[in-house]
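The structure under discussion appears below in the form of structure tokens.
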Amino acid sequence: MEGSSQPIIITRGLRKEYDMGAETVYALRGVDIEIQRNEFIAVMGPSGSGKSTLMNLIGCLDTPTAGEYVLNGTPVQDLDDDDLARIRNEEIGFVFQTFNLLARATALHNVELPLIYAGVKAAERRDRAAAALDRVGLGDRMDHRPNELSGGQKQRVAIARSLVNQPSILLADEPTGNLDSATSADIMRLFVELHRHGQTIIMVTHEHDIASFAGRIVTLVDGMVASYDAKLGPTPASVMTASAATTP
Amino acid sequence: MSIAEALRVALSQIWAHKLKSLFSLIGVVIGITFLIAVITVVEGMNRYVQEDFAGSLFGVNSFSIVQRPTVQTGNYSAEELRRLARNRDVDLDDVEAVRRAVPDARYIAWRNASRMDEVWYGERRRRNIRVIGGSEQYQAIQGWEIDRGRGLTPLDQQRALKVAVIGPAIAEKLFPNGAALGKRIRLQAHRFEVVGVFERKGGLFGNAWDAAVLVPYETFNQTLSTKRDRVREISVKANNQREMLAAMDAVEEALRIRRGLRPGEENDFHFQTSSGLLSAWETINNILLAAVPGLVSVSLVVGGIVIMNIMLVSVTQRTREIGVRKAMGARQRDIMLQFLAESSIVSLVGAALGIGLGLGLGKLVERLSPLPASIPPWALAMAIGLGLLVGLSSGIYPARRASRLNPIDALRYE
């Protein structure tokens, strides 16, 4: 933290409240975190702890009720819709539990999507999307539509899509939630690989063996940080190699 | 996102939901079809009236002198018609005055009041024919050509011979085997020898002339006429427009003198010209062309509402997709552009289909009637413009709704 490089994410007193008519739901009650470049972080916590809300704020999909959020040196809490859209486009790559691919578009077109909104020319877009698909091992599935792909392959397309704009951070919200354990391990190995090449990854999960791939675990309880620096120990080599069914 | 990109995305959406897209453009198709078909027919009528109709009634560079109009057009008020009815009858002295006033006219002709009648040959009968007693240049001024036999000659006129030139429709009915010349036909109690058959004029208004019998003016006067020496119409044909106008001035002066009208007194006769008829037609034409857009806009508004509804459903169905696009960096205007492109394409395709169908209907009218199908370029431009307008205006509300969706809510939408 006191190192030469600035943290890529800093939040100070981040609060998020939802007005539900008569009562107010306090989803986040003042969250202070710092995340360094090239960290691989897992955000854990029971349901209702606010971990998804935190992810949405970090991903600029939502704005905080109060508090500061500095992403890559830019304070984003006061930006308008279009600036947030630009930040989502340039700084953040999303991987969702439900993949969220466009059902009628090919894998290639799905991966091209962020480049379309970045204004990249068609030829370059194609090349970059193809390269991203190659990187996740789907170079031979470019023309397939989501319904022609397995769950693991869909998630790989989504990962290729999240990487294609070379984002500062990759945000994964329960990326293995809809996958069997063998495929989950495959996806996690891909994350570890990306992390090794310098990608900053923030991943929400409620599974300990998935979280164990991360370098650091932030645990939220009741909208506040309960533990900031936990580690589940080094990633077990056994999980890296064998696709062990360790889900409890 | 560029417009080209928005169009591409919109096209793939439309193609993916072909049936829904087809239903959503039906309203626009109907509106534009109607627009194009009506304009095609009205313009066709317009051309027909200008090129054929007016010319066939009066001939080009012609005018006629009548007591009151022989062709009823919409541009006479009831008041004027009452005034015209008080005009003095035209007679043979008027003819003489006109002949002296314009000795250089190309043709001068006059005719009796024609009457609807029936004609017999033996036991055969043709009803609803028109008998005209015309002077010797009458057929020339009408531009009637002879198919068989001969036309009326000065001798026929001088001697008031009982000869007749008949229209082809009458010849067919009375002489199915074709031998009409020299036969004696009966009109009321009088027998006439057929000396000629006119060429078929055809056409919407020519049909009436195809069932006409032309006899010498003087013969008509002595046999069929109820009012002797009455002249229904004196026609003058000049060599060109300038001479025609000069001739009208000369005739007006001559008739006023003959009828003893004082300066300031109104004419007690009436001029009829093809340009007068054309201006009457133009009035009708303009009313039609002004009314059509009003009628069409009703169906286009309905078409627009259909598109808007289907787009609204589509926005709801695609809420998650909108969320994904926003998460990937789509700005409000990118989403807006995508939906506007979609509604515009649907509407423009509707307009294009409407143009095709409308032109088809116009062609059908052309085949079934003598009206030529004529579509002016401005009508095509108008159809395309209206299509775009309907697309944009019906798309704007759904597009705004889509573009303002909160990305989180949209992504979570089930």
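Labels for the structure tokens follow display order: chains A, B, ..., residues from 1 in each chain, ligands from 1.
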Near Ala109 in chain B, counting only C-alpha atoms, which residues have an atom at most 10 Å away, once you skip same-chain residues fewer than 3 positions from it, shown as a ChimeraX atom specification? /B:64,95,99,134-142,217,233-237
At a cut-off of 12 Å, can you tabulate as a tab-separated table every residue of chain B near chain A together with its closest atom pair and the distance in Å to one decimal, using only C-alpha atoms and ordering rows by chain then number?
residue	atom	partner	partner_atom	distance
B:Met1	CA	A:Tyr117	CA	5.2
B:Ser2	CA	A:Gly119	CA	7.4
B:Ile3	CA	A:Gly119	CA	11.2
B:Ala4	CA	A:Ala122	CA	10.8
B:Glu5	CA	A:Ile116	CA	7.8
B:Ala6	CA	A:Ile116	CA	9.8
B:Arg8	CA	A:Ile116	CA	11.5
B:Val9	CA	A:Ala105	CA	9.9
B:Ser12	CA	A:Arg104	CA	8.8
B:Gln13	CA	A:Arg104	CA	8.6
B:Ile14	CA	A:Arg104	CA	11.7
B:Trp15	CA	A:Arg104	CA	10.7
B:Ala16	CA	A:Arg104	CA	7.7
B:His17	CA	A:Arg104	CA	10.6
B:Arg318	CA	A:Leu102	CA	10.0
B:Thr319	CA	A:Asn100	CA	11.6
B:Arg320	CA	A:Asn100	CA	7.9
B:Glu321	CA	A:Leu102	CA	6.6
B:Ile322	CA	A:Leu102	CA	9.8
B:Gly323	CA	A:Asn100	CA	9.0
B:Val324	CA	A:Asn100	CA	6.4
B:Arg325	CA	A:Leu113	CA	7.5
B:Lys326	CA	A:Ala85	CA	6.7
B:Ala327	CA	A:Arg88	CA	6.3
B:Met328	CA	A:Pro114	CA	5.0
B:Gly329	CA	A:Asn89	CA	4.0
B:Ala330	CA	A:Tyr117	CA	5.6
B:Arg331	CA	A:Asp82	CA	5.4
B:Gln332	CA	A:Asp82	CA	6.9
B:Arg333	CA	A:Asp82	CA	8.8
B:Asp334	CA	A:Tyr117	CA	7.8
B:Ile335	CA	A:Tyr117	CA	10.3
B:Gln338	CA	A:Tyr117	CA	11.8
B:Ser403	CA	A:Asp81	CA	10.6
B:Arg404	CA	A:Asp81	CA	9.4
B:Leu405	CA	A:Asp81	CA	10.8
B:Asn406	CA	A:Leu61	CA	8.1
B:Pro407	CA	A:Leu61	CA	5.9
B:Ile408	CA	A:Leu61	CA	5.9
B:Asp409	CA	A:Leu61	CA	9.5
B:Ala410	CA	A:Leu61	CA	10.3
B:Leu411	CA	A:Asn100	CA	8.2
B:Arg412	CA	A:Thr98	CA	10.1
B:Tyr413	CA	A:Asn100	CA	11.5
B:Glu414	CA	A:Thr98	CA	11.6
For range 39-43 of chain B: contacts at 9 Å, only C-alpha atoms, fewer than 2 positions along chain excluded, given as JSON, numbers by chain: {"B": [34, 35, 36, 37, 45, 46, 47, 48, 285, 288, 289, 292, 358, 359, 361, 362, 363, 365, 366, 371, 372, 373, 374, 375, 376, 379]}
Could you tell me how far CA of Leu392 in chain B sits from CA of Gly27 in chain B, in Å to one decimal place? 14.9 Å
Please provide as a PyMOL selection string all residues within 12 Å of range 168-182 of chain B, with the sequence filter that same-chain residues fewer than 6 positions apart are discarded (counting only C-alpha atoms). chain B and resi 118-131+144-151+162+191-202+206-214
Write the residues of the selection above to a file with N, CA and C atoms, as a CSV table (one decimal), in the first residue's frame.
chain,number,residue,atom,x,y,z
B,118,GLU,N,-83.0,5.6,-80.0
B,118,GLU,CA,-82.7,4.2,-80.3
B,118,GLU,C,-82.7,4.1,-81.9
B,119,VAL,N,-82.0,3.1,-82.4
B,119,VAL,CA,-81.9,3.0,-83.8
B,119,VAL,C,-82.2,1.6,-84.2
B,120,TRP,N,-82.9,1.4,-85.4
B,120,TRP,CA,-83.4,0.1,-85.8
B,120,TRP,C,-82.8,-0.2,-87.2
B,121,TYR,N,-82.6,-1.5,-87.3
B,121,TYR,CA,-82.4,-2.0,-88.7
B,121,TYR,C,-83.2,-3.3,-88.7
B,122,GLY,N,-84.3,-3.4,-89.5
B,122,GLY,CA,-85.1,-4.5,-89.5
B,122,GLY,C,-85.6,-4.8,-88.0
B,123,GLU,N,-85.3,-6.0,-87.5
B,123,GLU,CA,-85.8,-6.3,-86.2
B,123,GLU,C,-84.7,-6.0,-85.2
B,124,ARG,N,-83.5,-5.6,-85.7
B,124,ARG,CA,-82.4,-5.3,-84.7
B,124,ARG,C,-82.5,-3.9,-84.2
B,125,ARG,N,-82.1,-3.8,-82.9
B,125,ARG,CA,-82.2,-2.5,-82.3
B,125,ARG,C,-81.0,-2.2,-81.4
B,126,ARG,N,-80.6,-1.0,-81.5
B,126,ARG,CA,-79.5,-0.5,-80.5
B,126,ARG,C,-80.1,0.6,-79.7
B,127,ARG,N,-80.1,0.5,-78.4
B,127,ARG,CA,-80.6,1.6,-77.5
B,127,ARG,C,-79.5,2.5,-77.1
B,128,ASN,N,-79.9,3.6,-76.5
B,128,ASN,CA,-78.9,4.5,-75.9
B,128,ASN,C,-77.9,5.0,-76.8
B,129,ILE,N,-78.4,5.4,-78.0
B,129,ILE,CA,-77.4,6.0,-78.9
B,129,ILE,C,-77.7,7.5,-78.9
B,130,ARG,N,-76.7,8.2,-79.5
B,130,ARG,CA,-76.8,9.7,-79.5
B,130,ARG,C,-76.9,10.1,-81.0
B,131,VAL,N,-77.9,10.8,-81.3
B,131,VAL,CA,-78.1,11.3,-82.7
B,131,VAL,C,-77.6,12.8,-82.7
B,144,TRP,N,-63.1,13.0,-85.7
B,144,TRP,CA,-63.6,11.6,-86.0
B,144,TRP,C,-63.0,11.1,-87.3
B,145,GLU,N,-62.5,9.9,-87.3
B,145,GLU,CA,-61.9,9.4,-88.5
B,145,GLU,C,-63.0,8.4,-89.1
B,146,ILE,N,-62.9,8.2,-90.4
B,146,ILE,CA,-63.9,7.3,-91.1
B,146,ILE,C,-63.2,5.9,-91.2
B,147,ASP,N,-63.9,4.9,-90.8
B,147,ASP,CA,-63.3,3.5,-90.9
B,147,ASP,C,-63.7,2.9,-92.3
B,148,ARG,N,-65.0,3.0,-92.6
B,148,ARG,CA,-65.5,2.5,-93.9
B,148,ARG,C,-66.4,3.5,-94.5
B,149,GLY,N,-66.5,3.5,-95.8
B,149,GLY,CA,-67.4,4.4,-96.5
B,149,GLY,C,-66.9,5.8,-96.5
B,150,ARG,N,-67.8,6.8,-96.3
B,150,ARG,CA,-67.4,8.2,-96.4
B,150,ARG,C,-68.0,9.0,-95.3
B,151,GLY,N,-67.5,10.2,-95.1
B,151,GLY,CA,-68.1,11.1,-94.1
B,151,GLY,C,-69.2,11.9,-94.8
B,162,LYS,N,-81.0,12.2,-96.5
B,162,LYS,CA,-81.2,11.3,-95.4
B,162,LYS,C,-80.1,10.2,-95.4
B,191,ARG,N,-86.1,7.0,-92.3
B,191,ARG,CA,-85.1,6.1,-92.7
B,191,ARG,C,-83.9,6.8,-93.3
B,192,PHE,N,-82.7,6.3,-92.9
B,192,PHE,CA,-81.5,7.0,-93.3
B,192,PHE,C,-80.6,5.9,-93.9
B,193,GLU,N,-79.9,6.3,-95.0
B,193,GLU,CA,-78.9,5.4,-95.6
B,193,GLU,C,-77.6,5.5,-94.9
B,194,VAL,N,-77.0,4.4,-94.5
B,194,VAL,CA,-75.7,4.4,-93.9
B,194,VAL,C,-74.6,4.6,-95.0
B,195,VAL,N,-73.9,5.7,-94.9
B,195,VAL,CA,-72.8,6.0,-95.9
B,195,VAL,C,-71.4,5.7,-95.4
B,196,GLY,N,-71.3,5.7,-94.1
B,196,GLY,CA,-70.0,5.5,-93.5
B,196,GLY,C,-70.1,5.0,-92.1
B,197,VAL,N,-68.9,4.4,-91.6
B,197,VAL,CA,-68.8,4.0,-90.2
B,197,VAL,C,-67.5,4.6,-89.6
B,198,PHE,N,-67.7,5.2,-88.5
B,198,PHE,CA,-66.5,5.9,-87.8
B,198,PHE,C,-65.6,4.8,-87.2
B,199,GLU,N,-64.3,5.3,-87.1
B,199,GLU,CA,-63.3,4.4,-86.4
B,199,GLU,C,-63.7,4.4,-84.9
B,200,ARG,N,-63.2,3.3,-84.3
B,200,ARG,CA,-63.5,3.2,-82.9
B,200,ARG,C,-62.6,4.2,-82.1
B,201,LYS,N,-63.2,5.0,-81.2
B,201,LYS,CA,-62.4,5.9,-80.4
B,201,LYS,C,-62.0,5.3,-79.1
B,202,GLY,N,-62.9,4.4,-78.6
B,202,GLY,CA,-62.6,3.7,-77.4
B,202,GLY,C,-62.4,4.7,-76.2
B,206,GLY,N,-64.7,7.9,-74.8
B,206,GLY,CA,-65.0,7.7,-76.2
B,206,GLY,C,-66.1,6.7,-76.5
B,207,ASN,N,-66.4,5.9,-75.5
B,207,ASN,CA,-67.4,4.9,-75.7
B,207,ASN,C,-68.8,5.5,-76.1
B,208,ALA,N,-69.0,6.7,-75.5
B,208,ALA,CA,-70.3,7.4,-75.9
B,208,ALA,C,-70.3,7.7,-77.4
B,209,TRP,N,-69.1,8.2,-77.9
B,209,TRP,CA,-69.1,8.5,-79.3
B,209,TRP,C,-69.1,7.3,-80.2
B,210,ASP,N,-68.7,6.2,-79.7
B,210,ASP,CA,-68.8,4.9,-80.5
B,210,ASP,C,-70.2,4.5,-80.8
B,211,ALA,N,-71.1,5.1,-79.9
B,211,ALA,CA,-72.6,4.8,-80.2
B,211,ALA,C,-73.3,6.0,-80.6
B,212,ALA,N,-72.7,6.8,-81.6
B,212,ALA,CA,-73.3,8.0,-82.0
B,212,ALA,C,-73.7,7.8,-83.5
B,213,VAL,N,-74.8,8.5,-83.9
B,213,VAL,CA,-75.1,8.6,-85.3
B,213,VAL,C,-75.0,10.1,-85.8
B,214,LEU,N,-74.3,10.3,-86.8
B,214,LEU,CA,-74.1,11.7,-87.3
B,214,LEU,C,-74.9,11.8,-88.6
Choose the residue, out of B:Ala247, B:Val102, B:Leu261, B:Leu22, that has the smallest atom-to-atom separation from Arg88 in chain B; count only C-alpha atoms.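 The answer is B:Leu261, which sits nearest to Arg88 in chain B.
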Could you list, as number ranges by chain, every residue within 7 Å of Ala160 in chain A, counting only C-alpha atoms and ignoring same-chain residues fewer than 3 positions away? A: 111, 132-133, 136, 156-157, 163-164
So which residues touch range 67-75 of chain A within 7 Å, counting only C-alpha atoms, skipping near sequence neighbours fewer than 3 positions away, as number ranges by chain? A: 8-15, 64
With C-alpha atoms kept, could you save the residues just selected as a tab-separated table (two decimals), in the first residue's frame?
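The resulting file, result31.tsv, is shown below:
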chain	number	residue	atom	x	y	z
A	8	ILE	CA	-6.11	0.50	-8.58
A	9	ILE	CA	-9.21	0.65	-6.38
A	10	ILE	CA	-9.72	2.77	-3.27
A	11	THR	CA	-13.06	3.07	-1.50
A	12	ARG	CA	-13.66	5.31	1.51
A	13	GLY	CA	-16.82	5.04	3.60
A	14	LEU	CA	-18.73	3.54	0.70
A	15	ARG	CA	-22.42	3.32	1.55
A	64	PRO	CA	-23.00	4.80	-4.09
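Atom pair CA of Leu245 in chain B / CA of Pro154 in chain B has a distance of 28.3 Å (rounded to one decimal).
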Report the residues of range 17-217 of chain A whose backbone DSSP state falls under alpha helix (DSSP H), written as an NGL selection string. :A and (51-58 or 81-91 or 107-118 or 122-135 or 151-163 or 181-196 or 208-211)
Can you tell me which residues surround Gly137 in chain A at a distance of at most 12 Å, considering only C-alpha atoms, apart from same-chain residues fewer than 5 positions away, and format the answer as a PyMOL selection string? chain A and resi 130-132+142+152-157+159-160+186-187+190
File dump, residues just selected, C-alpha atoms, as a short mmCIF file (atom, residue, chain, number, x, y, z; two decimals), in the first residue's frame:
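New file out_6.cif:
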data_model
loop_
_atom_site.label_atom_id
_atom_site.label_comp_id
_atom_site.auth_asym_id
_atom_site.auth_seq_id
_atom_site.Cartn_x
_atom_site.Cartn_y
_atom_site.Cartn_z
CA ALA A 130 -10.57 -13.74 -32.45
CA ALA A 131 -7.34 -13.34 -30.48
CA ALA A 132 -9.29 -13.15 -27.20
CA MET A 142 -15.98 -18.54 -33.08
CA GLY A 152 -17.90 -23.95 -19.52
CA GLN A 153 -17.48 -22.81 -23.11
CA LYS A 154 -20.08 -20.08 -22.62
CA GLN A 155 -18.20 -18.81 -19.59
CA ARG A 156 -14.99 -18.84 -21.60
CA VAL A 157 -16.67 -16.72 -24.28
CA ILE A 159 -14.18 -14.25 -20.19
CA ALA A 160 -12.85 -13.55 -23.68
CA ASP A 186 -11.07 -25.31 -15.48
CA ILE A 187 -12.37 -21.79 -15.29
CA LEU A 190 -7.91 -19.91 -16.55
#
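Picture a line from CA of Ala402 in chain B to CA of Leu312 in chain B; it runs 8.7 Å.
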